[in-house]
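Here's data_10.txt, which has compact mmCIF, C-alpha atoms:
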# COMPACT_ATOMS: atom_id res chain seq x y z
CA MET A 1 -82.45 101.24 197.24
CA GLU A 2 -85.62 101.66 195.25
CA PHE A 3 -87.09 99.13 192.89
CA ASP A 4 -88.42 99.97 189.49
CA PHE A 5 -90.32 97.20 187.77
CA SER A 6 -91.40 99.29 184.80
CA PRO A 7 -88.54 98.02 182.52
CA VAL A 8 -89.85 94.50 183.13
CA ILE A 9 -93.17 95.58 181.63
CA THR A 10 -91.43 97.35 178.76
CA TYR A 11 -89.42 94.23 177.93
CA ALA A 12 -92.27 91.79 178.59
CA PRO A 13 -92.43 90.77 174.90
CA THR A 14 -88.72 89.84 174.96
CA LEU A 15 -89.24 87.79 178.10
CA LEU A 16 -92.32 86.13 176.63
CA LYS A 17 -90.38 85.18 173.53
CA GLY A 18 -87.66 83.72 175.75
CA MET A 19 -90.29 81.83 177.72
CA GLY A 20 -91.63 80.37 174.47
CA VAL A 21 -88.14 79.14 173.55
CA THR A 22 -87.73 77.64 177.04
CA PHE A 23 -91.04 75.78 176.68
CA LEU A 24 -90.08 74.56 173.22
CA ILE A 25 -86.66 73.33 174.39
CA ALA A 26 -88.19 71.64 177.44
CA LEU A 27 -90.79 69.86 175.29
CA VAL A 28 -88.34 68.63 172.65
CA VAL A 29 -85.75 67.57 175.22
CA ALA A 30 -88.40 65.77 177.30
CA ILE A 31 -89.50 63.64 174.34
CA PHE A 32 -85.94 63.13 173.08
CA SER A 33 -84.54 62.15 176.48
CA ILE A 34 -87.35 59.74 177.38
CA VAL A 35 -87.55 57.97 174.02
CA GLY A 36 -83.76 57.96 173.63
CA GLY A 37 -83.21 56.84 177.21
CA LEU A 38 -85.62 53.94 176.77
CA LEU A 39 -83.92 52.89 173.51
CA VAL A 40 -80.45 53.10 175.03
CA ALA A 41 -81.58 51.08 178.06
CA VAL A 42 -83.24 48.35 175.97
CA ILE A 43 -80.31 48.10 173.57
CA SER A 44 -77.71 48.02 176.33
CA ILE A 45 -79.57 45.28 178.22
CA PHE A 46 -80.66 42.98 175.40
CA THR A 47 -77.58 42.98 173.18
CA ASN A 48 -74.01 41.72 173.38
CA LYS A 49 -71.13 43.46 175.11
CA VAL A 50 -69.71 45.01 171.94
CA VAL A 51 -72.83 47.18 171.65
CA SER A 52 -73.71 47.61 175.30
CA TRP A 53 -70.31 48.64 176.69
CA PRO A 54 -69.90 51.80 174.61
CA LEU A 55 -73.46 52.76 175.56
CA ARG A 56 -72.75 52.18 179.26
CA PHE A 57 -69.58 54.21 178.90
CA PHE A 58 -71.50 57.15 177.45
CA ILE A 59 -74.13 56.95 180.18
CA TRP A 60 -71.36 56.97 182.77
CA LEU A 61 -69.52 59.83 181.08
CA PHE A 62 -72.61 62.03 180.86
CA MET A 63 -73.51 61.32 184.48
CA THR A 64 -70.10 62.08 185.99
CA THR A 65 -69.28 65.36 184.21
CA PRO A 66 -71.08 68.72 184.58
CA LEU A 67 -73.75 69.74 182.08
CA LEU A 68 -72.02 73.05 181.35
CA LEU A 69 -68.81 71.28 180.35
CA GLN A 70 -70.73 68.99 178.00
CA LEU A 71 -72.44 71.98 176.42
CA TYR A 72 -69.13 73.79 175.97
CA PHE A 73 -67.65 70.67 174.44
CA LEU A 74 -70.49 70.31 171.94
CA TYR A 75 -70.55 74.00 171.14
CA PHE A 76 -66.86 74.96 171.02
CA GLY A 77 -65.35 71.49 170.58
CA LEU A 78 -67.45 70.24 167.69
CA GLY A 79 -67.47 73.76 166.30
CA GLU A 80 -63.98 72.96 165.09
CA TRP A 81 -65.36 70.62 162.42
CA ILE A 82 -68.99 71.55 161.92
CA LEU A 83 -70.95 74.68 162.74
CA ILE A 84 -74.13 73.82 164.60
CA PRO A 85 -76.51 76.59 165.70
CA ALA A 86 -76.58 77.22 169.45
CA LEU A 87 -80.22 76.20 169.82
CA MET A 88 -79.49 72.85 168.22
CA VAL A 89 -76.41 72.30 170.42
CA GLY A 90 -78.45 73.22 173.48
CA VAL A 91 -81.24 70.78 172.67
CA LEU A 92 -78.77 68.01 171.81
CA GLY A 93 -76.56 68.61 174.85
CA LEU A 94 -79.40 68.79 177.34
CA GLY A 95 -81.08 65.90 175.53
CA PHE A 96 -78.02 63.63 175.77
CA HIS A 97 -77.41 64.61 179.39
CA TYR A 98 -80.91 63.66 180.51
CA MET A 99 -81.02 60.72 178.12
CA ALA A 100 -78.14 59.24 180.12
CA TYR A 101 -79.93 59.86 183.44
CA ASN A 102 -83.20 58.39 182.10
CA ALA A 103 -81.42 55.39 180.57
CA ASP A 104 -79.85 54.69 183.95
CA ILE A 105 -83.31 54.61 185.55
CA PHE A 106 -84.82 52.50 182.76
CA ILE A 107 -81.99 49.97 183.04
CA ALA A 108 -82.77 49.56 186.76
CA THR A 109 -86.53 49.20 186.22
CA ILE A 110 -86.22 46.83 183.23
CA ARG A 111 -84.00 44.63 185.42
CA SER A 112 -86.63 44.80 188.17
CA VAL A 113 -89.28 43.20 185.91
CA SER A 114 -89.38 39.56 186.95
CA SER A 115 -87.71 37.14 184.52
CA GLY A 116 -90.83 34.96 184.84
CA GLN A 117 -92.61 37.56 182.73
CA TYR A 118 -90.16 36.97 179.91
CA GLU A 119 -90.36 33.21 180.15
CA ALA A 120 -94.16 33.19 180.36
CA SER A 121 -94.42 35.48 177.34
CA ARG A 122 -92.02 33.32 175.31
CA SER A 123 -93.90 30.16 176.21
CA LEU A 124 -97.15 31.79 175.04
CA GLY A 125 -95.57 32.20 171.61
CA PHE A 126 -94.30 35.81 171.62
CA GLY A 127 -90.93 36.27 169.96
CA HIS A 128 -87.91 37.87 171.66
CA LEU A 129 -88.55 41.38 170.30
CA ARG A 130 -92.30 41.21 170.79
CA THR A 131 -91.78 40.13 174.41
CA ILE A 132 -89.55 43.13 175.01
CA TYR A 133 -91.94 45.49 173.25
CA TYR A 134 -95.29 44.27 174.60
CA ILE A 135 -94.41 42.73 177.97
CA ILE A 136 -91.17 44.01 179.48
CA VAL A 137 -90.97 47.67 178.42
CA PRO A 138 -94.55 48.72 179.37
CA GLN A 139 -94.14 47.32 182.89
CA ALA A 140 -90.73 48.92 183.31
CA PHE A 141 -91.99 52.25 182.00
CA ILE A 142 -94.89 52.43 184.46
CA ARG A 143 -92.51 51.62 187.32
CA SER A 144 -90.12 54.40 186.40
CA VAL A 145 -92.76 57.16 186.23
CA PRO A 146 -91.85 58.84 189.59
CA GLN A 147 -88.12 59.02 188.91
CA ILE A 148 -88.52 60.10 185.30
CA GLY A 149 -90.87 62.82 186.57
CA ASN A 150 -88.18 64.04 188.97
CA ASN A 151 -85.69 64.13 186.10
CA LEU A 152 -88.08 66.14 183.94
CA ILE A 153 -88.47 68.75 186.69
CA LEU A 154 -84.68 68.97 187.06
CA MET A 155 -84.37 69.23 183.26
CA VAL A 156 -86.76 72.18 182.99
CA LYS A 157 -84.66 74.03 185.58
CA ASP A 158 -81.47 73.14 183.73
CA THR A 159 -82.72 74.74 180.51
CA SER A 160 -81.52 77.99 182.15
CA VAL A 161 -77.90 76.81 181.74
CA LEU A 162 -78.30 76.91 177.94
CA SER A 163 -78.09 80.71 178.11
CA ALA A 164 -74.34 80.21 178.74
CA ILE A 165 -73.83 79.09 175.13
CA GLY A 166 -76.14 81.78 173.79
CA VAL A 167 -79.47 80.02 173.34
CA ALA A 168 -82.09 82.78 173.39
CA GLU A 169 -84.23 81.31 176.18
CA LEU A 170 -85.69 83.00 179.27
CA VAL A 171 -82.44 83.77 181.14
CA TYR A 172 -80.71 84.95 177.97
CA ALA A 173 -83.67 87.20 177.10
CA SER A 174 -83.56 88.72 180.58
CA GLN A 175 -79.79 89.22 180.34
CA TYR A 176 -80.36 91.10 177.12
CA ALA A 177 -83.03 93.25 178.76
CA ILE A 178 -80.71 93.89 181.72
CA SER A 179 -77.89 95.00 179.46
CA VAL A 180 -80.20 97.70 178.13
CA SER A 181 -82.10 98.70 181.28
CA PHE A 182 -79.47 98.05 184.04
CA ARG A 183 -82.05 96.52 186.36
CA PRO A 184 -80.61 93.05 187.17
CA PHE A 185 -82.42 92.47 190.46
CA GLU A 186 -85.90 93.19 189.11
CA PHE A 187 -85.49 91.00 186.03
CA PHE A 188 -83.88 88.05 187.80
CA ILE A 189 -86.48 88.05 190.56
CA VAL A 190 -89.25 88.05 187.93
CA ILE A 191 -87.78 85.12 186.01
CA ALA A 192 -87.17 83.27 189.29
CA VAL A 193 -90.90 83.66 189.98
CA ILE A 194 -91.71 82.42 186.45
CA TYR A 195 -89.56 79.32 186.96
CA TYR A 196 -91.11 78.76 190.38
CA ILE A 197 -94.66 78.87 189.00
CA LEU A 198 -93.67 76.56 186.15
CA ASN A 199 -92.17 74.22 188.72
CA LEU A 200 -95.33 74.21 190.84
CA PHE A 201 -97.36 73.21 187.77
CA MET A 202 -94.91 70.44 186.96
CA GLU A 203 -94.94 69.12 190.52
CA TYR A 204 -98.74 69.09 190.46
CA GLY A 205 -98.75 67.28 187.11
CA GLN A 206 -96.19 64.78 188.38
CA SER A 207 -98.21 63.89 191.48
CA ARG A 208 -101.42 63.59 189.39
CA PHE A 209 -99.72 61.30 186.89
CA GLU A 210 -98.13 59.25 189.66
CA ARG A 211 -101.52 58.70 191.28
CA MET A 212 -103.04 57.79 187.92
CA THR A 213 -100.47 55.08 187.32
CA ALA A 214 -100.06 53.98 190.96
CA ASP A 215 -102.39 50.96 190.73
CA ARG A 216 -100.51 49.58 187.73
CA ARG A 217 -97.08 49.75 189.28
CA MET B 1 -54.24 64.13 170.03
CA ASP B 2 -51.57 66.63 171.03
CA PHE B 3 -50.07 65.06 174.15
CA GLU B 4 -47.38 67.68 174.54
CA LEU B 5 -50.05 70.34 174.90
CA MET B 6 -51.99 68.18 177.36
CA VAL B 7 -48.93 67.84 179.60
CA GLY B 8 -48.28 71.56 179.25
CA VAL B 9 -51.72 72.72 180.41
CA THR B 10 -52.03 70.15 183.22
CA PRO B 11 -50.53 72.39 185.97
CA LEU B 12 -52.93 75.21 185.08
CA LEU B 13 -55.91 72.87 185.08
CA LEU B 14 -54.82 71.23 188.34
CA LYS B 15 -54.68 74.64 189.98
CA ALA B 16 -58.19 75.36 188.71
CA ALA B 17 -59.33 71.90 189.87
CA TRP B 18 -58.18 72.81 193.36
CA VAL B 19 -60.45 75.89 193.24
CA THR B 20 -63.35 73.59 192.29
CA VAL B 21 -62.51 71.29 195.21
CA ASP B 22 -62.14 74.26 197.57
CA ILE B 23 -65.45 75.87 196.57
CA SER B 24 -67.28 72.52 196.71
CA ALA B 25 -65.87 71.53 200.09
CA ARG B 26 -66.81 74.86 201.64
CA ALA B 27 -70.28 74.84 200.08
CA ILE B 28 -70.97 71.26 201.14
CA SER B 29 -69.92 71.85 204.78
CA LEU B 30 -71.85 75.12 205.04
CA GLY B 31 -74.80 73.54 203.21
CA PHE B 32 -74.92 70.74 205.77
CA VAL B 33 -75.16 73.30 208.56
CA VAL B 34 -77.96 75.11 206.69
CA ALA B 35 -79.74 71.77 206.23
CA CYS B 36 -79.50 70.94 209.95
CA VAL B 37 -80.92 74.34 210.86
CA LEU B 38 -83.80 73.82 208.42
CA VAL B 39 -84.55 70.35 209.80
CA PHE B 40 -84.50 71.81 213.32
CA MET B 41 -86.86 74.62 212.27
CA ARG B 42 -89.33 72.15 210.81
CA SER B 43 -89.24 69.91 213.89
CA ILE B 44 -90.06 72.46 216.60
CA LYS B 45 -93.63 73.39 217.42
CA PHE B 46 -93.58 77.03 216.37
CA ILE B 47 -95.73 77.39 213.26
CA PRO B 48 -94.16 80.54 211.67
CA LEU B 49 -90.70 78.96 211.72
CA GLN B 50 -92.07 75.78 210.17
CA TRP B 51 -93.73 77.80 207.44
CA PHE B 52 -90.56 79.74 206.82
CA ALA B 53 -88.51 76.56 206.47
CA ARG B 54 -91.09 74.97 204.18
CA GLY B 55 -91.38 78.06 202.01
CA TYR B 56 -87.61 78.38 201.79
CA ILE B 57 -87.16 74.76 200.73
CA SER B 58 -89.97 75.01 198.18
CA VAL B 59 -88.65 78.22 196.62
CA ILE B 60 -85.03 77.03 196.48
CA ARG B 61 -85.99 73.69 194.97
CA GLY B 62 -88.42 75.35 192.59
CA THR B 63 -86.02 77.76 190.93
CA PRO B 64 -82.89 76.98 188.90
CA TYR B 65 -79.54 77.16 190.71
CA PHE B 66 -78.22 79.18 187.79
CA VAL B 67 -80.89 81.88 188.23
CA GLN B 68 -80.22 82.00 191.99
CA LEU B 69 -76.54 82.54 191.28
CA LEU B 70 -77.22 85.36 188.80
CA LEU B 71 -79.80 86.92 191.10
CA VAL B 72 -77.45 87.09 194.08
CA PHE B 73 -74.37 88.12 192.11
CA TYR B 74 -75.86 90.71 189.75
CA GLY B 75 -79.03 91.58 191.67
CA GLY B 76 -77.43 91.59 195.12
CA PRO B 77 -75.95 95.11 194.85
CA ALA B 78 -79.50 96.51 194.51
CA LEU B 79 -80.10 95.19 198.04
CA GLY B 80 -76.71 96.36 199.25
CA ILE B 81 -75.17 92.86 199.09
CA ARG B 82 -71.82 92.99 197.34
CA LEU B 83 -69.96 89.69 197.27
CA ASP B 84 -66.82 88.68 195.48
CA PRO B 85 -67.41 85.84 192.96
CA PHE B 86 -65.83 83.11 195.10
CA THR B 87 -67.82 83.95 198.24
CA CYS B 88 -70.97 84.30 196.16
CA GLY B 89 -70.39 80.85 194.65
CA VAL B 90 -69.85 79.27 198.07
CA LEU B 91 -72.86 80.96 199.69
CA VAL B 92 -75.35 80.34 196.86
CA GLY B 93 -74.11 76.76 196.51
CA ALA B 94 -74.47 76.17 200.25
CA PHE B 95 -77.92 77.73 200.58
CA ASN B 96 -79.08 75.87 197.48
CA ILE B 97 -77.79 72.42 198.42
CA GLY B 98 -78.87 72.98 202.05
CA ALA B 99 -82.52 72.93 200.99
CA TYR B 100 -82.06 69.62 199.16
CA MET B 101 -79.97 68.17 202.02
CA SER B 102 -82.58 69.08 204.62
CA GLU B 103 -85.11 66.95 202.72
CA ALA B 104 -82.59 64.09 202.57
CA ILE B 105 -81.85 64.33 206.30
CA ARG B 106 -85.54 64.53 207.19
CA GLY B 107 -86.24 61.49 205.00
CA ALA B 108 -83.49 59.52 206.74
CA LEU B 109 -84.72 60.50 210.22
CA GLU B 110 -88.30 59.57 209.32
CA SER B 111 -87.19 56.20 207.97
CA VAL B 112 -86.43 55.12 211.57
CA ASP B 113 -89.45 53.36 213.07
CA SER B 114 -91.41 55.70 215.37
CA GLY B 115 -91.56 52.91 217.97
CA GLN B 116 -87.84 53.43 218.54
CA ASN B 117 -88.50 57.03 219.49
CA GLU B 118 -91.39 56.15 221.81
CA ALA B 119 -89.50 53.30 223.48
CA SER B 120 -86.49 55.51 224.06
CA ARG B 121 -88.61 58.29 225.56
CA SER B 122 -90.48 55.84 227.80
CA ILE B 123 -87.28 54.44 229.34
CA GLY B 124 -86.25 57.94 230.37
CA PHE B 125 -84.15 59.41 227.55
CA GLY B 126 -84.74 63.09 226.84
CA ARG B 127 -85.62 64.37 223.37
CA PHE B 128 -82.03 65.30 222.53
CA GLN B 129 -80.64 62.07 223.97
CA THR B 130 -83.19 60.07 221.97
CA LEU B 131 -82.03 61.81 218.82
CA THR B 132 -78.31 61.34 219.41
CA TYR B 133 -78.25 57.87 220.99
CA VAL B 134 -81.20 56.12 219.35
CA VAL B 135 -82.46 57.72 216.13
CA LEU B 136 -79.27 59.15 214.58
CA PRO B 137 -77.19 55.95 214.76
CA GLN B 138 -79.94 54.12 212.90
CA ALA B 139 -80.56 56.89 210.37
CA ALA B 140 -76.86 57.61 209.76
CA GLY B 141 -76.32 55.12 206.94
CA LEU B 142 -79.15 56.33 204.75
CA MET B 143 -78.41 59.94 205.65
CA ILE B 144 -74.74 59.75 204.63
CA ARG B 145 -75.59 58.12 201.29
CA SER B 146 -78.30 60.59 200.32
CA VAL B 147 -76.33 63.64 201.50
CA GLY B 148 -73.31 62.25 199.63
CA VAL B 149 -75.25 62.08 196.37
CA LEU B 150 -76.14 65.75 196.83
CA GLY B 151 -72.46 66.51 197.42
CA ILE B 152 -71.71 65.04 193.98
CA VAL B 153 -74.53 67.13 192.49
CA LEU B 154 -72.93 70.20 194.04
CA VAL B 155 -69.49 69.39 192.61
CA LYS B 156 -71.05 69.22 189.15
CA ASN B 157 -73.12 72.36 189.72
CA SER B 158 -69.98 74.22 190.80
CA SER B 159 -69.11 74.45 187.10
CA LEU B 160 -71.84 77.11 186.77
CA VAL B 161 -69.80 79.40 189.02
CA SER B 162 -67.58 79.98 185.98
CA ILE B 163 -70.35 82.24 184.64
CA ILE B 164 -69.71 84.74 187.44
CA SER B 165 -65.99 84.54 186.58
CA VAL B 166 -64.56 82.36 189.34
CA VAL B 167 -61.46 80.79 187.83
CA GLU B 168 -62.38 77.16 188.43
CA LEU B 169 -62.06 74.10 186.22
CA THR B 170 -64.69 74.91 183.60
CA TYR B 171 -63.65 78.56 183.34
CA GLN B 172 -59.98 77.64 182.96
CA ALA B 173 -60.82 74.99 180.36
CA GLN B 174 -62.79 77.49 178.32
CA ARG B 175 -60.03 80.06 178.57
CA LEU B 176 -57.36 77.56 177.48
CA ILE B 177 -59.44 76.60 174.47
CA GLY B 178 -59.60 80.23 173.52
CA SER B 179 -55.79 80.45 173.51
CA THR B 180 -54.83 77.00 172.14
CA TYR B 181 -57.72 76.06 169.80
CA LYS B 182 -57.46 72.43 170.92
CA PRO B 183 -60.91 71.83 172.42
CA PHE B 184 -60.87 68.04 172.37
CA GLU B 185 -57.63 67.59 174.34
CA ILE B 186 -58.54 70.16 176.96
CA PHE B 187 -62.06 68.87 177.41
CA ALA B 188 -60.77 65.32 177.81
CA LEU B 189 -58.37 66.47 180.55
CA THR B 190 -61.04 68.55 182.29
CA ALA B 191 -63.54 65.70 182.18
CA VAL B 192 -60.94 63.35 183.71
CA MET B 193 -60.38 65.85 186.54
CA TYR B 194 -64.09 66.19 187.23
CA ILE B 195 -64.44 62.40 187.24
CA CYS B 196 -61.54 62.14 189.74
CA ILE B 197 -63.18 64.70 192.05
CA VAL B 198 -66.56 62.95 191.80
CA TYR B 199 -64.96 59.58 192.57
CA ALA B 200 -63.05 61.05 195.50
CA VAL B 201 -66.34 62.33 196.97
CA MET B 202 -67.90 58.91 196.35
CA GLY B 203 -64.98 57.25 198.14
CA ILE B 204 -65.27 59.52 201.17
CA VAL B 205 -69.03 58.89 201.32
CA GLU B 206 -68.47 55.13 201.14
CA LEU B 207 -65.88 55.24 203.95
CA ALA B 208 -68.18 57.33 206.12
CA TYR B 209 -71.06 54.96 205.33
CA ARG B 210 -69.06 51.92 206.39
CA ARG B 211 -67.94 53.60 209.59
CA ALA B 212 -71.44 54.81 210.47
CA THR B 213 -73.07 51.45 209.86
CA ARG B 214 -70.38 49.20 211.32
CA TYR B 215 -72.58 48.23 214.29
CA THR B 216 -75.95 48.08 212.54
CA THR B 217 -74.58 45.84 209.77
CA LEU B 218 -73.00 43.65 212.45
CA VAL B 219 -76.42 43.20 214.05
CA LYS B 220 -77.91 42.25 210.68
CA ARG B 221 -75.15 39.73 210.07
CA VAL B 222 -75.74 38.08 213.45
CA GLN B 223 -79.46 37.87 212.82

Take the structure in this file and express it as structure tokens.
Amino acid sequence: MEFDFSPVITYAPTLLKGMGVTFLIALVVAIFSIVGGLLVAVISIFTNKVVSWPLRFFIWLFMTTPLLLQLYFLYFGLGEWILIPALMVGVLGLGFHYMAYNADIFIATIRSVSSGQYEASRSLGFGHLRTIYYIIVPQAFIRSVPQIGNNLILMVKDTSVLSAIGVAELVYASQYAISVSFRPFEFFIVIAVIYYILNLFMEYGQSRFERMTADRR
Amino acid sequence: MDFELMVGVTPLLLKAAWVTVDISARAISLGFVVACVLVFMRSIKFIPLQWFARGYISVIRGTPYFVQLLLVFYGGPALGIRLDPFTCGVLVGAFNIGAYMSEAIRGALESVDSGQNEASRSIGFGRFQTLTYVVLPQAAGLMIRSVGVLGIVLVKNSSLVSIISVVELTYQAQRLIGSTYKPFEIFALTAVMYICIVYAVMGIVELAYRRATRYTTLVKRVQ
């Protein structure tokens, strides 16, 4: 039982490339899931049942089934009709998954904004849409910062699952390097450390941002 | 929709669903034990043990479950740990969810007012008696709910075990798609089975919650 970390150094460029893809996916999915989640929440609260029920159903469906199954469905299932590249499927699948989780949180926080806010805004002359945009949503958004932050941290860890459908991110890059160098332990321990450091940064950022917005909650 | 095919593959998928239930049930029970040990380690006044528990929880929560699974399954042999896929899935699942559960349990225990603890100690209860007769009954409701949520998370995470070739629901679904080329039907069936398992866990949690809080809710109703 001897460890040899020299292949890790040899394949460092591969790992770095994978890390870049992981960062890119995380960034795109973060924006997509937050903006999309907010839109879905607003639409499902402020419209009639014909629009809101299908949205609720999709939120429920994405929250009760495993991420891997959703990814397989998008990749192999939709592959029957259209060919989408794996990276795209990964971003969309992860994006929809966390969009549902974020929408669920936004729905709860939008409901928690007092209805007096709406009435006061309307009586000051704001229209329905302007009230939602300028009064309700900003307050709800600030209130949901801690939970959305938790979801983002979970999301960054879940980017590793995308390797299962062949997205060339960090885990996939290391699997490639392992298939050439036959050193699974060394590579997996190194990428675990990378994810851990990334996670520490995100936790630090989350607590900073929470403190920054604490007085407005 | 090809309903004939759906009926045909149901027995195979049900068998695989049972593997998912089996692996999840074992991992959840073992994970709860791990969580209790971690909570105990953090509560006693022996600094190295506290540090160990804290470091363990931080590392487990800071790395992806998927990477942990791959590390133990493919990297384990380098350390002389050879596990079959099923055992590996149960153990990694349990040690992963245990870290999350220990935080949930600690949160529930800390939610009980510290005056309860002091009052109980001052009327002559020991530390263990205080925990079992005073703190736990009050913390049980919150604890069951938050541990239950993690149980559902584990059921969904158990799909990742298919990567290390345990024949559970997701693995079987993928294999059937390979042989039938009917992805939509099989995914619909698999999703329904996952939803049933998740709702079963939710039902058990709700029953346990009602049983654990039957006296505390009674007190609230009287007040």

Name the closest residue to chain A among the candidates B:Gly178, B:Pro64, B:Pro137, B:Gly115; distances are taken between atoms, counting all atoms listed in the file.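 Smallest distance to chain A is found for B:Pro64.
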
Could the residues of chain B that have an atom at most 9 Å from chain A be listed as a Markdown table, each with its closest atom pair and the distance in Å to one decimal, counting all atoms listed in the file and ordered by chain and ascending residue number?
| residue | atom | partner | partner_atom | distance |
| --- | --- | --- | --- | --- |
| B:Ser58 | CA | A:Tyr196 | CA | 8.7 |
| B:Val59 | CA | A:Tyr196 | CA | 6.7 |
| B:Ile60 | CA | A:Tyr196 | CA | 8.8 |
| B:Arg61 | CA | A:Tyr196 | CA | 8.5 |
| B:Gly62 | CA | A:Tyr196 | CA | 4.9 |
| B:Thr63 | CA | A:Tyr196 | CA | 5.2 |
| B:Pro64 | CA | A:Lys157 | CA | 4.8 |
| B:Tyr65 | CA | A:Lys157 | CA | 7.9 |
| B:Phe66 | CA | A:Val161 | CA | 6.5 |
| B:Val67 | CA | A:Ala192 | CA | 6.5 |
| B:Gln68 | CA | A:Ala192 | CA | 7.6 |
| B:Leu70 | CA | A:Phe188 | CA | 7.3 |
| B:Leu71 | CA | A:Phe188 | CA | 5.4 |
| B:Val72 | CA | A:Phe185 | CA | 8.2 |
| B:Tyr74 | CA | A:Pro184 | CA | 5.9 |
| B:Gly75 | CA | A:Phe185 | CA | 3.7 |
| B:Gly76 | CA | A:Phe185 | CA | 6.9 |
| B:Pro77 | CA | A:Phe185 | CA | 8.3 |
| B:Ala78 | CA | A:Met1 | CA | 6.2 |
| B:Leu79 | CA | A:Met1 | CA | 6.5 |
| B:Gly80 | CA | A:Met1 | CA | 7.8 |
| B:Ile152 | CA | A:Thr64 | CA | 8.7 |
| B:Val153 | CA | A:Pro66 | CA | 8.8 |
| B:Val155 | CA | A:Pro66 | CA | 8.2 |
| B:Lys156 | CA | A:Pro66 | CA | 4.6 |
| B:Asn157 | CA | A:Pro66 | CA | 6.6 |
| B:Ser158 | CA | A:Pro66 | CA | 8.4 |
| B:Ser159 | CA | A:Pro66 | CA | 6.6 |
| B:Leu160 | CA | A:Leu68 | CA | 6.8 |
| B:Ile163 | CA | A:Ala164 | CA | 7.4 |
| B:Thr170 | CA | A:Leu69 | CA | 6.4 |
| B:Ala173 | CA | A:Leu69 | CA | 8.8 |
| B:Gln174 | CA | A:Tyr72 | CA | 7.7 |
| B:Ile177 | CA | A:Phe76 | CA | 8.3 |
| B:Tyr181 | CA | A:Glu80 | CA | 8.4 |
| B:Lys182 | CA | A:Gly77 | CA | 8.0 |
| B:Pro183 | CA | A:Gly77 | CA | 4.8 |
| B:Phe184 | CA | A:Gly77 | CA | 5.9 |
| B:Phe187 | CA | A:Phe73 | CA | 6.6 |
| B:Thr190 | CA | A:Leu69 | CA | 8.5 |
| B:Ala191 | CA | A:Thr65 | CA | 6.1 |
| B:Val192 | CA | A:Thr65 | CA | 8.6 |
| B:Tyr194 | CA | A:Thr65 | CA | 6.1 |
| B:Ile195 | CA | A:Thr64 | CA | 5.8 |
| B:Val198 | CA | A:Thr64 | CA | 6.9 |
| B:Tyr199 | CA | A:Thr64 | CA | 8.7 |

Next, the residues of the selection above should be written as a compact mmCIF listing (two decimals), in the coordinates of the input with C-alpha atoms.
# COMPACT_ATOMS: atom_id res chain seq x y z
CA SER B 58 -89.97 75.01 198.18
CA VAL B 59 -88.65 78.22 196.62
CA ILE B 60 -85.03 77.03 196.48
CA ARG B 61 -85.99 73.69 194.97
CA GLY B 62 -88.42 75.35 192.59
CA THR B 63 -86.02 77.76 190.93
CA PRO B 64 -82.89 76.98 188.90
CA TYR B 65 -79.54 77.16 190.71
CA PHE B 66 -78.22 79.18 187.79
CA VAL B 67 -80.89 81.88 188.23
CA GLN B 68 -80.22 82.00 191.99
CA LEU B 70 -77.22 85.36 188.80
CA LEU B 71 -79.80 86.92 191.10
CA VAL B 72 -77.45 87.09 194.08
CA TYR B 74 -75.86 90.71 189.75
CA GLY B 75 -79.03 91.58 191.67
CA GLY B 76 -77.43 91.59 195.12
CA PRO B 77 -75.95 95.11 194.85
CA ALA B 78 -79.50 96.51 194.51
CA LEU B 79 -80.10 95.19 198.04
CA GLY B 80 -76.71 96.36 199.25
CA ILE B 152 -71.71 65.04 193.98
CA VAL B 153 -74.53 67.13 192.49
CA VAL B 155 -69.49 69.39 192.61
CA LYS B 156 -71.05 69.22 189.15
CA ASN B 157 -73.12 72.36 189.72
CA SER B 158 -69.98 74.22 190.80
CA SER B 159 -69.11 74.45 187.10
CA LEU B 160 -71.84 77.11 186.77
CA ILE B 163 -70.35 82.24 184.64
CA THR B 170 -64.69 74.91 183.60
CA ALA B 173 -60.82 74.99 180.36
CA GLN B 174 -62.79 77.49 178.32
CA ILE B 177 -59.44 76.60 174.47
CA TYR B 181 -57.72 76.06 169.80
CA LYS B 182 -57.46 72.43 170.92
CA PRO B 183 -60.91 71.83 172.42
CA PHE B 184 -60.87 68.04 172.37
CA PHE B 187 -62.06 68.87 177.41
CA THR B 190 -61.04 68.55 182.29
CA ALA B 191 -63.54 65.70 182.18
CA VAL B 192 -60.94 63.35 183.71
CA TYR B 194 -64.09 66.19 187.23
CA ILE B 195 -64.44 62.40 187.24
CA VAL B 198 -66.56 62.95 191.80
CA TYR B 199 -64.96 59.58 192.57

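Interatomic distance, atom CA of A:Val21 to atom CA of B:Phe73: 24.8 Å.
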
Centre and edge lengths, as AutoDock Vina command-line options, for the axis-aligned box enclosing every listed atom of stretch 107-112 of chain B with 4 Å of padding on each of the six sides, in Å to one decimal?
--center_x -85.9 --center_y 58.3 --center_z 208.3 --size_x 12.8 --size_y 14.4 --size_z 14.6

For A:Arg143, the closest of A:Glu169, A:Arg211, A:Arg217, A:Leu162 counting all atoms listed in the file is A:Arg217

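We find atom CA of A:Leu170 and atom CA of A:Thr22 to be spaced 6.2 Å apart.
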
Compile the contact shell of B:Gly151 as a list in words: residues with an atom at most 10 Å away, counting all atoms listed in the file, same-chain residues fewer than 4 positions apart removed.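 Final neighbour list, sorted by chain and number: Ser24, Ala25, Ala27, Ile28, Ser29, Gly31, Phe32, Ile97, Met101, Arg145, Ser146, Val147, Val155, Lys156, Asn157, Val198, Val201, Met202 and Val205 of chain B.
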
List as a list in words the protein and nucleic acid residues near A:Ile135, meaning an atom at most 8 Å away when all atoms listed in the file are counted, but skip any in the same chain fewer than 5 places from it. Gln117, Tyr118, Ser121 and Arg130 of chain A
